[in-house]
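Trainee: Have a peek at model-v8.cif (mmCIF, C-alpha atoms).
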data_entry
#
loop_
_atom_site.label_atom_id
_atom_site.label_comp_id
_atom_site.auth_asym_id
_atom_site.auth_seq_id
_atom_site.Cartn_x
_atom_site.Cartn_y
_atom_site.Cartn_z
CA MET A 112 -11.34 2.98 12.55
CA THR A 113 -9.83 4.14 15.81
CA ARG A 114 -8.28 0.99 17.29
CA THR A 115 -4.58 1.01 18.06
CA PRO A 116 -2.15 -1.74 17.06
CA ASP A 117 -0.75 -3.82 19.90
CA HIS A 118 2.82 -2.56 20.10
CA PRO A 119 5.06 -0.92 22.70
CA ASP A 120 4.33 2.72 23.47
CA ALA A 121 1.43 2.58 21.04
CA ASP A 122 -0.24 5.89 21.84
CA PRO A 123 2.09 8.82 21.12
CA SER A 124 1.16 12.33 22.11
CA PRO A 125 -0.53 14.23 19.27
CA ALA A 126 2.34 16.72 19.46
CA THR A 127 5.07 14.18 18.60
CA PRO A 128 6.42 13.86 15.04
CA THR A 129 5.47 10.17 15.04
CA SER A 130 1.79 11.06 15.09
CA LEU A 131 2.13 13.36 12.08
CA SER A 132 1.64 12.35 8.47
CA ALA A 133 4.51 12.60 6.01
CA GLU A 134 2.93 15.71 4.50
CA GLU A 135 2.57 17.33 7.94
CA ILE A 136 6.17 16.55 8.83
CA ALA A 137 7.43 18.01 5.54
CA SER A 138 5.36 21.16 5.99
CA ALA A 139 6.68 21.64 9.53
CA VAL A 140 10.30 21.09 8.47
CA ARG A 141 9.95 23.48 5.53
CA SER A 142 8.50 26.14 7.84
CA ARG A 143 11.25 25.34 10.38
CA THR A 144 8.67 24.52 13.05
CA LEU A 145 10.44 21.17 13.29
CA ARG A 146 13.99 20.19 12.41
CA ALA A 147 14.57 17.11 10.29
CA VAL A 148 17.27 16.00 12.74
CA ASP A 149 14.76 15.98 15.61
CA VAL A 150 12.11 14.17 13.58
CA VAL A 151 14.55 11.46 12.53
CA ALA A 152 16.00 11.13 16.03
CA GLU A 153 12.49 10.59 17.40
CA ALA A 154 11.81 7.92 14.76
CA LEU A 155 15.05 6.15 15.64
CA ASP A 156 14.11 6.19 19.34
CA ARG A 157 10.74 4.75 18.46
CA ILE A 158 12.34 1.96 16.45
CA GLU A 159 14.75 1.16 19.27
CA GLN A 160 11.83 0.76 21.70
CA ALA A 161 9.44 -1.20 19.49
CA ASP A 162 11.52 -3.23 17.09
CA PRO A 163 12.73 -5.90 19.54
CA VAL A 164 9.10 -7.05 19.66
CA LEU A 165 7.99 -6.28 16.09
CA SER A 166 11.20 -7.12 14.22
CA ALA A 167 10.23 -4.83 11.34
CA PHE A 168 13.79 -3.93 10.36
CA ILE A 169 16.75 -5.90 9.02
CA GLU A 170 19.10 -2.96 9.54
CA VAL A 171 18.82 0.47 11.14
CA TRP A 172 21.11 3.21 9.82
CA ALA A 173 21.02 5.61 12.76
CA GLU A 174 24.29 7.47 12.21
CA ASP A 175 23.80 7.86 8.48
CA ALA A 176 20.16 8.88 8.92
CA LEU A 177 21.02 11.66 11.37
CA ARG A 178 23.74 12.91 9.05
CA ARG A 179 21.33 12.98 6.11
CA ALA A 180 18.69 14.72 8.24
CA GLY A 181 21.22 17.43 8.97
CA GLU A 182 21.79 17.81 5.24
CA VAL A 183 18.04 18.20 4.73
CA ASP A 184 17.92 20.95 7.36
CA ALA A 185 20.79 22.69 5.57
CA ARG A 186 19.01 22.43 2.23
CA VAL A 187 15.84 23.93 3.76
CA GLU A 188 17.88 26.69 5.39
CA ALA A 189 19.39 27.46 1.98
CA GLY A 190 15.91 28.02 0.56
CA GLU A 191 15.38 24.70 -1.21
CA ARG A 192 11.70 23.74 -1.15
CA LEU A 193 11.67 19.98 -0.62
CA PRO A 194 8.27 18.30 -1.03
CA LEU A 195 9.02 15.60 1.57
CA ALA A 196 11.54 17.44 3.75
CA GLY A 197 12.65 15.47 6.79
CA VAL A 198 10.24 12.55 6.38
CA PRO A 199 11.75 9.39 7.91
CA ILE A 200 11.09 6.35 5.74
CA GLY A 201 11.79 2.64 5.74
CA VAL A 202 12.96 1.01 2.51
CA LYS A 203 12.11 -2.57 1.64
CA GLY A 204 15.09 -4.87 2.06
CA ARG A 205 18.79 -4.15 1.86
CA ARG A 206 18.49 -3.16 -1.80
CA GLY A 207 15.65 -0.74 -1.18
CA LEU A 208 17.78 2.38 -1.44
CA GLY A 209 18.26 1.62 -5.13
CA THR A 210 14.65 2.51 -5.90
CA ALA A 211 14.23 5.31 -3.36
CA GLY A 212 16.35 7.92 -5.15
CA PRO A 213 13.52 10.34 -6.01
CA LEU A 214 12.22 10.18 -2.43
CA LEU A 215 15.64 10.95 -0.97
CA GLU A 216 16.09 13.82 -3.41
CA ALA A 217 12.68 15.13 -2.29
CA GLY A 218 13.93 15.28 1.30
CA CYS A 219 13.07 11.87 2.77
CA VAL A 220 15.56 10.28 5.15
CA ALA A 221 15.92 6.50 5.05
CA VAL A 222 16.27 5.19 8.61
CA GLY A 223 16.68 1.51 7.78
CA ALA A 224 15.94 -1.55 5.65
CA THR A 225 12.65 -3.26 6.45
CA SER A 226 12.24 -7.01 6.76
CA VAL A 227 11.44 -9.42 3.95
CA PRO A 228 11.10 -13.22 3.92
CA GLY A 229 14.30 -14.85 5.10
CA PRO A 230 15.95 -18.09 3.97
CA GLY A 231 13.62 -21.04 4.43
CA THR A 232 10.75 -18.86 5.69
CA VAL A 233 8.67 -18.36 2.56
CA TRP A 234 5.62 -20.13 4.02
CA GLN A 235 6.49 -19.92 7.72
CA THR A 236 6.73 -16.15 8.14
CA TRP A 237 6.47 -13.30 5.68
CA GLY A 238 9.23 -11.33 7.33
CA LEU A 239 12.50 -12.11 9.07
CA GLY A 240 14.00 -9.10 10.83
CA ARG A 241 17.05 -8.64 13.00
CA HIS A 242 15.15 -9.80 16.11
CA GLY A 243 13.41 -12.80 14.53
CA PRO A 244 10.10 -13.30 12.69
CA THR A 245 8.22 -10.09 11.91
CA VAL A 246 4.92 -10.04 13.79
CA ASN A 247 1.59 -8.50 12.94
CA PRO A 248 1.21 -5.43 15.20
CA TRP A 249 -2.46 -6.25 15.80
CA ARG A 250 -1.83 -9.87 16.85
CA HIS A 251 1.71 -11.05 17.39
CA ASP A 252 0.75 -14.68 16.72
CA ARG A 253 -0.20 -13.73 13.13
CA THR A 254 1.93 -12.86 10.12
CA PRO A 255 1.84 -9.29 8.77
CA GLY A 256 1.68 -10.58 5.20
CA GLY A 257 4.38 -10.13 2.63
CA SER A 258 6.68 -9.78 1.13
CA SER A 259 6.75 -6.09 2.14
CA ALA A 260 6.26 -7.30 5.71
CA GLY A 261 8.52 -4.97 7.64
CA SER A 262 7.39 -1.92 5.68
CA ALA A 263 3.75 -2.57 6.57
CA VAL A 264 4.54 -3.17 10.24
CA ALA A 265 6.79 -0.11 10.53
CA VAL A 266 4.00 2.08 9.15
CA ALA A 267 1.17 0.44 11.09
CA ALA A 268 3.10 0.73 14.36
CA GLY A 269 3.92 4.40 13.78
CA LEU A 270 7.68 3.89 13.48
CA VAL A 271 7.72 5.77 10.16
CA PRO A 272 4.87 7.43 8.23
CA LEU A 273 5.92 5.98 4.86
CA ALA A 274 7.80 2.90 3.69
CA THR A 275 8.57 1.58 0.25
CA GLY A 276 7.64 -1.81 -1.10
CA ASN A 277 7.31 -3.67 -4.34
CA ASP A 278 4.45 -5.77 -5.55
CA GLY A 279 4.79 -8.79 -7.81
CA ALA A 280 1.70 -10.69 -6.70
CA GLY A 281 0.23 -8.57 -3.92
CA SER A 282 3.37 -7.94 -1.87
CA VAL A 283 2.31 -4.37 -1.01
CA ARG A 284 -1.46 -4.79 -0.92
CA ILE A 285 -1.66 -7.94 1.23
CA PRO A 286 0.50 -6.66 4.12
CA ALA A 287 -1.32 -3.33 3.87
CA ALA A 288 -4.63 -5.16 4.29
CA TRP A 289 -3.46 -7.37 7.17
CA CYS A 290 -1.77 -4.51 9.04
CA GLY A 291 -4.54 -1.94 8.51
CA VAL A 292 -2.66 0.59 6.37
CA VAL A 293 -2.80 1.98 2.83
CA GLY A 294 -0.89 0.09 0.13
CA LEU A 295 -0.54 1.40 -3.44
CA LYS A 296 0.63 -0.78 -6.33
CA VAL A 297 1.31 1.42 -9.34
CA GLY A 298 0.47 0.27 -12.85
CA ASN A 299 2.99 -1.93 -14.60
CA GLY A 300 5.49 0.13 -16.60
CA ARG A 301 4.63 3.40 -14.86
CA LEU A 302 7.82 3.42 -12.78
CA PRO A 303 11.16 1.68 -13.42
CA SER A 304 11.43 -1.97 -12.41
CA SER A 305 14.26 -4.46 -12.85
CA ASP A 306 11.98 -7.50 -12.77
CA ARG A 307 12.55 -9.58 -15.92
CA THR A 308 8.92 -10.75 -15.99
CA GLY A 309 7.40 -7.27 -15.68
CA LEU A 310 5.15 -8.52 -12.87
CA MET A 311 6.97 -6.75 -10.03
CA VAL A 312 6.33 -3.02 -9.72
CA PRO A 313 7.10 -0.38 -7.08
CA GLY A 314 4.63 0.55 -4.38
CA VAL A 315 4.29 2.32 -1.06
CA LEU A 316 2.73 1.77 2.36
CA THR A 317 1.39 4.69 4.41
CA ARG A 318 -1.09 5.46 7.16
CA ARG A 319 -2.65 8.33 5.22
CA VAL A 320 -3.81 8.40 1.62
CA GLY A 321 -2.35 11.88 1.19
CA ASP A 322 1.10 10.44 1.89
CA ALA A 323 0.62 7.79 -0.80
CA ALA A 324 -0.38 10.58 -3.17
CA ALA A 325 2.75 12.53 -2.21
CA TYR A 326 4.84 9.44 -2.98
CA TRP A 327 3.19 9.14 -6.39
CA ARG A 328 3.74 12.81 -7.21
CA VAL A 329 7.43 12.54 -6.38
CA MET A 330 8.05 9.19 -8.04
CA SER A 331 6.13 10.12 -11.19
CA GLY A 332 8.00 13.41 -11.49
CA SER A 333 5.25 15.90 -10.72
CA ASN A 334 6.72 17.82 -7.80
CA ALA A 335 4.96 21.17 -8.19
CA ALA A 336 1.87 20.14 -6.26
CA ALA A 337 3.95 18.13 -3.78
CA ALA A 338 5.83 21.25 -2.65
CA ASP A 339 2.57 22.57 -1.23
CA PRO A 340 0.36 19.64 -0.12
CA GLY A 341 -2.56 21.96 0.53
CA ALA A 342 -2.63 23.28 -3.01
CA GLY A 343 -5.59 22.00 -4.92
CA SER A 344 -6.99 20.04 -1.99
CA GLY A 345 -10.45 18.80 -2.76
CA ALA A 346 -9.99 18.87 -6.52
CA GLY A 347 -12.55 16.82 -8.38
CA LEU A 348 -12.02 13.51 -10.10
CA GLY A 349 -11.54 13.42 -13.81
CA ALA A 350 -10.29 11.20 -16.57
CA GLY A 351 -7.97 13.97 -17.66
CA LEU A 352 -5.80 13.83 -14.54
CA GLY A 353 -2.18 13.21 -15.46
CA ALA A 354 0.20 10.66 -13.97
CA GLY A 355 1.33 12.91 -11.16
CA SER A 356 -1.34 15.59 -10.99
CA VAL A 357 -3.20 14.33 -7.96
CA SER A 358 -4.19 15.98 -4.73
CA VAL A 359 -6.21 14.20 -2.10
CA SER A 360 -9.06 15.39 0.02
CA THR A 361 -9.96 13.36 3.10
CA SER A 362 -13.06 15.37 3.87
CA THR A 363 -16.48 13.76 4.05
CA SER A 364 -17.72 15.53 0.95
CA THR A 365 -18.72 13.39 -1.99
CA SER A 366 -16.30 12.74 -4.81
CA THR A 367 -17.39 13.65 -8.31
CA SER A 368 -15.97 13.60 -11.79
CA THR A 369 -15.58 16.70 -13.91
CA SER A 370 -19.02 15.91 -15.35
CA GLY A 371 -20.54 15.95 -11.86
CA GLU A 372 -21.02 12.18 -11.73
CA ARG A 373 -19.75 9.99 -8.91
CA PRO A 374 -17.24 7.42 -10.19
CA THR A 375 -18.93 4.13 -10.91
CA ALA A 376 -17.69 0.93 -9.30
CA VAL A 377 -18.37 -2.79 -9.64
CA TRP A 378 -18.13 -5.13 -6.66
CA SER A 379 -16.70 -8.63 -7.00
CA SER A 380 -16.13 -10.87 -4.00
CA ASP A 381 -14.18 -13.55 -5.88
CA LEU A 382 -13.22 -12.32 -9.41
CA GLY A 383 -15.21 -15.27 -10.71
CA PHE A 384 -12.82 -18.04 -9.64
CA ASP A 385 -11.85 -17.82 -5.94
CA SER A 386 -13.61 -18.81 -2.70
CA PRO A 387 -12.70 -16.15 -0.13
CA ASP A 388 -13.65 -16.51 3.52
CA PRO A 389 -17.19 -15.23 4.20
CA ASP A 390 -16.07 -13.12 7.17
CA VAL A 391 -13.51 -11.29 5.02
CA VAL A 392 -16.02 -10.74 2.23
CA ALA A 393 -18.59 -9.38 4.69
CA VAL A 394 -16.23 -6.74 6.11
CA ALA A 395 -14.95 -5.60 2.71
CA HIS A 396 -18.42 -5.53 1.16
CA ALA A 397 -19.81 -3.53 4.08
CA ALA A 398 -17.06 -0.95 3.52
CA ALA A 399 -17.91 -0.75 -0.18
CA LEU A 400 -21.58 -0.20 0.70
CA ARG A 401 -20.69 2.56 3.18
CA LEU A 402 -18.71 4.35 0.50
CA ALA A 403 -21.65 4.14 -1.88
CA GLU A 404 -24.09 5.33 0.78
CA ALA A 405 -21.78 8.26 1.57
CA GLY A 406 -21.67 9.27 -2.08
CA ALA A 407 -17.98 8.48 -2.59
CA LEU A 408 -18.81 6.22 -5.54
CA ARG A 409 -21.78 4.64 -7.27
CA LEU A 410 -22.02 0.84 -7.25
CA THR A 411 -23.30 -0.62 -10.51
CA ARG A 412 -23.75 -4.08 -11.99
CA PRO A 413 -21.87 -4.96 -15.17
CA HIS A 414 -23.82 -6.27 -18.14
CA THR A 415 -21.78 -9.47 -17.88
CA PRO A 416 -20.56 -10.63 -14.44
CA LEU A 417 -16.77 -10.49 -14.18
CA ARG A 418 -15.31 -13.98 -14.42
CA LEU A 419 -11.56 -14.01 -14.74
CA HIS A 420 -9.45 -17.08 -15.27
CA ASP A 421 -7.43 -18.03 -12.21
CA PRO A 422 -4.08 -16.32 -12.92
CA ALA A 423 -2.07 -18.83 -10.85
CA PRO A 424 -0.88 -21.06 -13.73
CA ALA A 425 0.22 -18.08 -15.83
CA TRP A 426 1.85 -16.20 -12.96
CA LEU A 427 3.74 -19.26 -11.74
CA ALA A 428 4.91 -20.12 -15.24
CA LEU A 429 6.27 -16.61 -15.80
CA ARG A 430 8.14 -16.68 -12.49
CA THR A 431 9.78 -20.05 -13.14
CA PRO A 432 13.49 -19.40 -13.77
CA GLY A 433 14.41 -19.97 -17.39
CA ALA A 434 10.81 -20.37 -18.51
CA GLY A 435 9.22 -18.08 -21.04
CA PRO A 436 5.59 -17.34 -21.90
CA THR A 437 3.78 -20.55 -22.78
CA PRO A 438 0.55 -20.96 -24.77
CA GLU A 439 -1.24 -21.29 -21.42
CA VAL A 440 0.21 -17.98 -20.25
CA HIS A 441 -0.91 -16.27 -23.45
CA ARG A 442 -4.39 -17.81 -23.23
CA ILE A 443 -5.03 -16.76 -19.63
CA ARG A 444 -3.53 -13.34 -20.09
CA ALA A 445 -5.44 -12.57 -23.29
CA ALA A 446 -8.76 -13.75 -21.84
CA ASN A 447 -8.38 -11.76 -18.62
CA ASP A 448 -7.14 -8.65 -20.43
CA SER A 449 -10.18 -8.77 -22.68
CA ARG A 450 -12.61 -9.17 -19.80
CA LEU A 451 -11.01 -6.39 -17.77
CA ALA A 452 -11.00 -4.07 -20.77
CA ALA A 453 -14.70 -4.72 -21.23
CA LEU A 454 -15.34 -4.06 -17.54
CA PHE A 455 -13.45 -0.77 -17.47
CA ALA A 456 -15.15 0.36 -20.65
CA GLY A 457 -18.31 0.58 -18.56
CA THR A 458 -17.09 1.48 -15.07
CA ARG A 459 -14.28 3.43 -13.39
CA LEU A 460 -13.44 1.08 -10.52
CA LEU A 461 -13.44 -2.56 -9.49
CA LEU A 462 -13.78 -3.31 -5.76
CA THR A 463 -12.80 -6.61 -4.10
CA PRO A 464 -11.51 -7.85 -0.76
CA THR A 465 -7.73 -7.44 -0.83
CA ALA A 466 -6.90 -10.89 0.55
CA PRO A 467 -9.23 -13.90 0.59
CA THR A 468 -8.32 -14.88 4.16
CA PRO A 469 -7.42 -13.22 7.45
CA PRO A 470 -3.76 -13.21 8.50
CA HIS A 471 -2.50 -16.73 9.12
CA GLY A 472 -0.18 -17.85 11.90
CA HIS A 473 3.58 -18.05 11.60
CA GLU A 474 3.34 -21.75 10.82
CA GLY A 475 2.07 -20.84 7.35
CA PRO A 476 -1.19 -20.77 5.38
CA GLY A 477 -1.18 -24.36 4.14
CA GLU A 478 -2.44 -24.60 0.58
CA ARG A 479 -4.28 -21.26 0.56
CA TYR A 480 -2.94 -18.54 -1.72
CA SER A 481 -3.22 -15.14 -0.02
CA THR A 482 -2.50 -13.69 -3.49
CA ALA A 483 -5.68 -15.05 -5.05
CA LEU A 484 -7.38 -11.64 -5.43
CA THR A 485 -4.29 -9.52 -6.11
CA TRP A 486 -1.98 -11.22 -8.60
CA ALA A 487 -4.46 -11.01 -11.47
CA PHE A 488 -3.60 -7.29 -11.60
CA ASN A 489 0.14 -7.90 -11.67
CA LEU A 490 -0.51 -10.07 -14.71
CA SER A 491 -2.79 -7.47 -16.33
CA GLY A 492 -0.78 -4.43 -15.19
CA HIS A 493 -3.66 -2.45 -13.67
CA PRO A 494 -2.98 -0.06 -10.76
CA ALA A 495 -4.57 -1.05 -7.44
CA ILE A 496 -4.72 0.16 -3.87
CA SER A 497 -5.69 -1.52 -0.60
CA ILE A 498 -7.35 0.61 2.07
CA PRO A 499 -8.50 -0.44 5.56
CA ALA A 500 -12.08 -1.72 5.52
CA GLY A 501 -12.59 -2.72 9.16
CA PHE A 502 -11.82 -5.67 11.40
CA GLY A 503 -12.62 -9.37 11.20
CA PRO A 504 -13.82 -11.54 14.09
CA ASP A 505 -10.19 -12.38 14.90
CA GLY A 506 -9.45 -8.71 15.66
CA CYS A 507 -7.22 -8.29 12.61
CA PRO A 508 -7.72 -5.67 9.88
CA VAL A 509 -9.39 -6.45 6.56
CA GLY A 510 -8.54 -4.60 3.36
CA LEU A 511 -10.71 -3.29 0.54
CA GLN A 512 -8.97 -3.38 -2.85
CA LEU A 513 -9.72 -0.71 -5.47
CA VAL A 514 -8.57 -1.40 -9.04
CA ALA A 515 -8.69 1.10 -11.89
CA ALA A 516 -7.99 1.19 -15.61
CA HIS A 517 -4.43 1.55 -16.89
CA GLY A 518 -2.98 4.98 -16.08
CA GLU A 519 -5.61 5.81 -13.44
CA GLU A 520 -3.47 6.01 -10.30
CA ALA A 521 -4.81 9.51 -9.72
CA LEU A 522 -8.37 8.22 -9.67
CA LEU A 523 -7.49 5.52 -7.13
CA LEU A 524 -5.85 8.05 -4.84
CA GLU A 525 -8.70 10.55 -5.11
CA VAL A 526 -11.36 7.95 -4.28
CA ALA A 527 -9.23 6.44 -1.51
CA GLY A 528 -8.79 9.93 -0.06
CA VAL A 529 -12.54 10.43 0.07
CA ALA A 530 -12.91 6.92 1.53
CA GLU A 531 -10.54 7.87 4.33
CA GLY A 532 -13.02 10.51 5.41
CA HIS A 533 -15.80 7.90 5.68
CA LEU A 534 -13.99 4.76 6.84
CA GLY A 535 -11.15 6.36 8.83
CA PRO A 536 -9.34 7.67 10.71
CA TRP A 537 -6.90 4.85 10.06
#
Show me the file's structure as structure tokens.
Mentor:
Amino acid sequence: MTRTPDHPDADPSPATPTSLSAEEIASAVRSRTLRAVDVVAEALDRIEQADPVLSAFIEVWAEDALRRAGEVDARVEAGERLPLAGVPIGVKGRRGLGTAGPLLEAGCVAVGATSVPGPGTVWQTWGLGRHGPTVNPWRHDRTPGGSSAGSAVAVAAGLVPLATGNDGAGSVRIPAAWCGVVGLKVGNGRLPSSDRTGLMVPGVLTRRVGDAAAYWRVMSGSNAAAADPGAGSGAGLGAGLGAGSVSVSTSTSTSTSTSGERPTAVWSSDLGFDSPDPDVVAVAHAAALRLAEAGALRLTRPHTPLRLHDPAPAWLALRTPGAGPTPEVHRIRAANDSRLAALFAGTRLLLTPTAPTPPHGHEGPGERYSTALTWAFNLSGHPAISIPAGFGPDGCPVGLQLVAAHGEEALLLEVAGVAEGHLGPW
């Protein structure tokens, strides 16, 4: 995938910090090839040029960001080995700094708060920034998805290499899919969350899978590998990988488990209850087939086709203020948990389109739920990642969703890293 999003100054020189991944920036800052202050200043210039059109940010913290970048340079000079030294990041919404503590401690510099749905805009636009509605960088007449709208746009447009999000129904994965970037939703309970329902969990949006893996290492507390991103590159897949012990290879070599077997995967276009658009299904399925043909995974058929209950009634009931779990919630949740447990007893991965439709216009999607294929895994708690699969007939990106068993974030990131070598560069 080599197309470039439609945004101002869209084609930076390969030598500029904007074109570097988070891992590359951190390595350069640690080696003092680049200064964090210069990297952050360049990101702020980029935001100033592009954001009047994209409206990806609610606030930009230029003065504070430059001060913090100077502190990072001083920490590096003092010999501190920061895994994400000098990486400029966006944080979702004005409260985003509250969940970004480990990233800031690892050397990231928050440059601003990214846009989220504004008052009265829930169905009209999935992001309201300081310059108006947030636009999809591929087509400005389309929404970027949400609710982590600004984070996805800031990453897709190259304003920052990494931005935080949170995902209660697909709020990281859907904008990742519609903006053509990587979006990781961690498993429920794996990282702290203040959501009373337990449905909302942290996540991240990046252009490179390795950067999502670096986020996971830092947030899950395994910083040893993060201090040297090249260490262990190309390590094999295995069920014994711990929560943070993941390194990512984006080479075109096949991915194998410790037993020498490619991870098995089951394809489902609709999870047994939805009716996604045929064009979206075709792009995502073609990507899944390319991964199988390249040896990144092995597609199999389950003994019993996966047919989940539509999670909408249960999800909506849990999110209703003052409402608790009802018998209907328990019924849907128990049935889906049982069916997913049976599926993952026989396979490592589940593959689906990320969203059932292409990006809609700013007038809203009507009665269609863009969350149809994502919120089942907020209800069940499984980790999931959206990776770019290609482009639909409308010229907008389509996402491929990979879902794994509980605790298998490392597997998702390893397979997505191999996929990047076959489907990318993104």
Trainee: Using all atoms listed in the file, which residue out of A:Pro413, A:Phe488, A:Arg307, A:Gly269 lies closest to Gly433 (chain A)?
Mentor: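 Looking only at the distances to Gly433 (chain A), the closest residue turns out to be A:Arg307.
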Trainee: Using all atoms listed in the file, which residues sit within 9 Å of Leu310 (chain A) once same-chain residues fewer than 5 positions away are excluded, as a list of chain:residue names?
Mentor: A:Asp278, A:Gly279, A:Ala280, A:Asn299, A:Trp426, A:Leu429, A:Arg430, A:Trp486, A:Phe488, A:Asn489, A:Leu490, A:Ser491, A:Gly492
Trainee: The PyMOL selection byres ((chain A and resi 440) around 8) on the file shown: which residues, as a PyMOL selection string?
Mentor: chain A and resi 424-426+428-429+436-439+441-444
Trainee: Looking at A:Cys507, A:Ala189, A:Ala487, A:Val297, which one is nearest to Ser331 (chain A), with distances taken over all atoms listed in the file?
Mentor: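 Once distances to Ser331 (chain A) are computed over all atoms listed in the file, the minimum belongs to A:Val297.
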Trainee: Run the PyMOL selection byres ((chain A and resi 282-296) around 8) against the file shown and list the residues it catches, as a PyMOL selection string.
Mentor: chain A and resi 247-249+255-260+263-264+266-267+276-281+297-298+312-320+323+465-466+469-470+481-482+485+494-499+507-512+537
Trainee: Could you list the residues chosen by the PyMOL selection byres ((chain A and resi 451) around 12) in this structure as a ChimeraX atom specification?
Mentor: /A:377,382,413,415-420,444-450,452-461,487-488,490-493,514-517
Trainee: Can you spit out the residues from that selection as a PDB file, in the coordinates of the input, using C-alpha atoms?
Mentor:
ATOM      1  CA  VAL A 377     -18.370  -2.790  -9.640  1.00  0.00           C
ATOM      2  CA  LEU A 382     -13.220 -12.320  -9.410  1.00  0.00           C
ATOM      3  CA  PRO A 413     -21.870  -4.960 -15.170  1.00  0.00           C
ATOM      4  CA  THR A 415     -21.780  -9.470 -17.880  1.00  0.00           C
ATOM      5  CA  PRO A 416     -20.560 -10.630 -14.440  1.00  0.00           C
ATOM      6  CA  LEU A 417     -16.770 -10.490 -14.180  1.00  0.00           C
ATOM      7  CA  ARG A 418     -15.310 -13.980 -14.420  1.00  0.00           C
ATOM      8  CA  LEU A 419     -11.560 -14.010 -14.740  1.00  0.00           C
ATOM      9  CA  HIS A 420      -9.450 -17.080 -15.270  1.00  0.00           C
ATOM     10  CA  ARG A 444      -3.530 -13.340 -20.090  1.00  0.00           C
ATOM     11  CA  ALA A 445      -5.440 -12.570 -23.290  1.00  0.00           C
ATOM     12  CA  ALA A 446      -8.760 -13.750 -21.840  1.00  0.00           C
ATOM     13  CA  ASN A 447      -8.380 -11.760 -18.620  1.00  0.00           C
ATOM     14  CA  ASP A 448      -7.140  -8.650 -20.430  1.00  0.00           C
ATOM     15  CA  SER A 449     -10.180  -8.770 -22.680  1.00  0.00           C
ATOM     16  CA  ARG A 450     -12.610  -9.170 -19.800  1.00  0.00           C
ATOM     17  CA  ALA A 452     -11.000  -4.070 -20.770  1.00  0.00           C
ATOM     18  CA  ALA A 453     -14.700  -4.720 -21.230  1.00  0.00           C
ATOM     19  CA  LEU A 454     -15.340  -4.060 -17.540  1.00  0.00           C
ATOM     20  CA  PHE A 455     -13.450  -0.770 -17.470  1.00  0.00           C
ATOM     21  CA  ALA A 456     -15.150   0.360 -20.650  1.00  0.00           C
ATOM     22  CA  GLY A 457     -18.310   0.580 -18.560  1.00  0.00           C
ATOM     23  CA  THR A 458     -17.090   1.480 -15.070  1.00  0.00           C
ATOM     24  CA  ARG A 459     -14.280   3.430 -13.390  1.00  0.00           C
ATOM     25  CA  LEU A 460     -13.440   1.080 -10.520  1.00  0.00           C
ATOM     26  CA  LEU A 461     -13.440  -2.560  -9.490  1.00  0.00           C
ATOM     27  CA  ALA A 487      -4.460 -11.010 -11.470  1.00  0.00           C
ATOM     28  CA  PHE A 488      -3.600  -7.290 -11.600  1.00  0.00           C
ATOM     29  CA  LEU A 490      -0.510 -10.070 -14.710  1.00  0.00           C
ATOM     30  CA  SER A 491      -2.790  -7.470 -16.330  1.00  0.00           C
ATOM     31  CA  GLY A 492      -0.780  -4.430 -15.190  1.00  0.00           C
ATOM     32  CA  HIS A 493      -3.660  -2.450 -13.670  1.00  0.00           C
ATOM     33  CA  VAL A 514      -8.570  -1.400  -9.040  1.00  0.00           C
ATOM     34  CA  ALA A 515      -8.690   1.100 -11.890  1.00  0.00           C
ATOM     35  CA  ALA A 516      -7.990   1.190 -15.610  1.00  0.00           C
ATOM     36  CA  HIS A 517      -4.430   1.550 -16.890  1.00  0.00           C
TER      37      HIS A 517
END
Trainee: Set out as CSV a contact list for region 169-198 of chain A and region 156-161 of chain A with a cut-off of 12 Å, giving each residue of region 169-198 of chain A that qualifies its closest atom pair and distance in Å to one decimal, counting all atoms listed in the file, ordered by chain and rising residue number.
Mentor:
residue,atom,partner,partner_atom,distance
A:Ile169,CA,A:Ile158,CA,11.7
A:Glu170,CA,A:Ile158,CA,10.8
A:Val171,CA,A:Ile158,CA,8.5
A:Trp172,CA,A:Ile158,CA,11.1
A:Ala173,CA,A:Asp156,CA,9.6
A:Leu177,CA,A:Asp156,CA,11.9
Trainee: Give me a file of those residues, with C-alpha atoms, as a compact mmCIF listing (two decimals), in the frame of the given file.
Mentor:
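Wrote part38.txt, looks like this:
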# COMPACT_ATOMS: atom_id res chain seq x y z
CA ILE A 169 16.75 -5.90 9.02
CA GLU A 170 19.10 -2.96 9.54
CA VAL A 171 18.82 0.47 11.14
CA TRP A 172 21.11 3.21 9.82
CA ALA A 173 21.02 5.61 12.76
CA LEU A 177 21.02 11.66 11.37
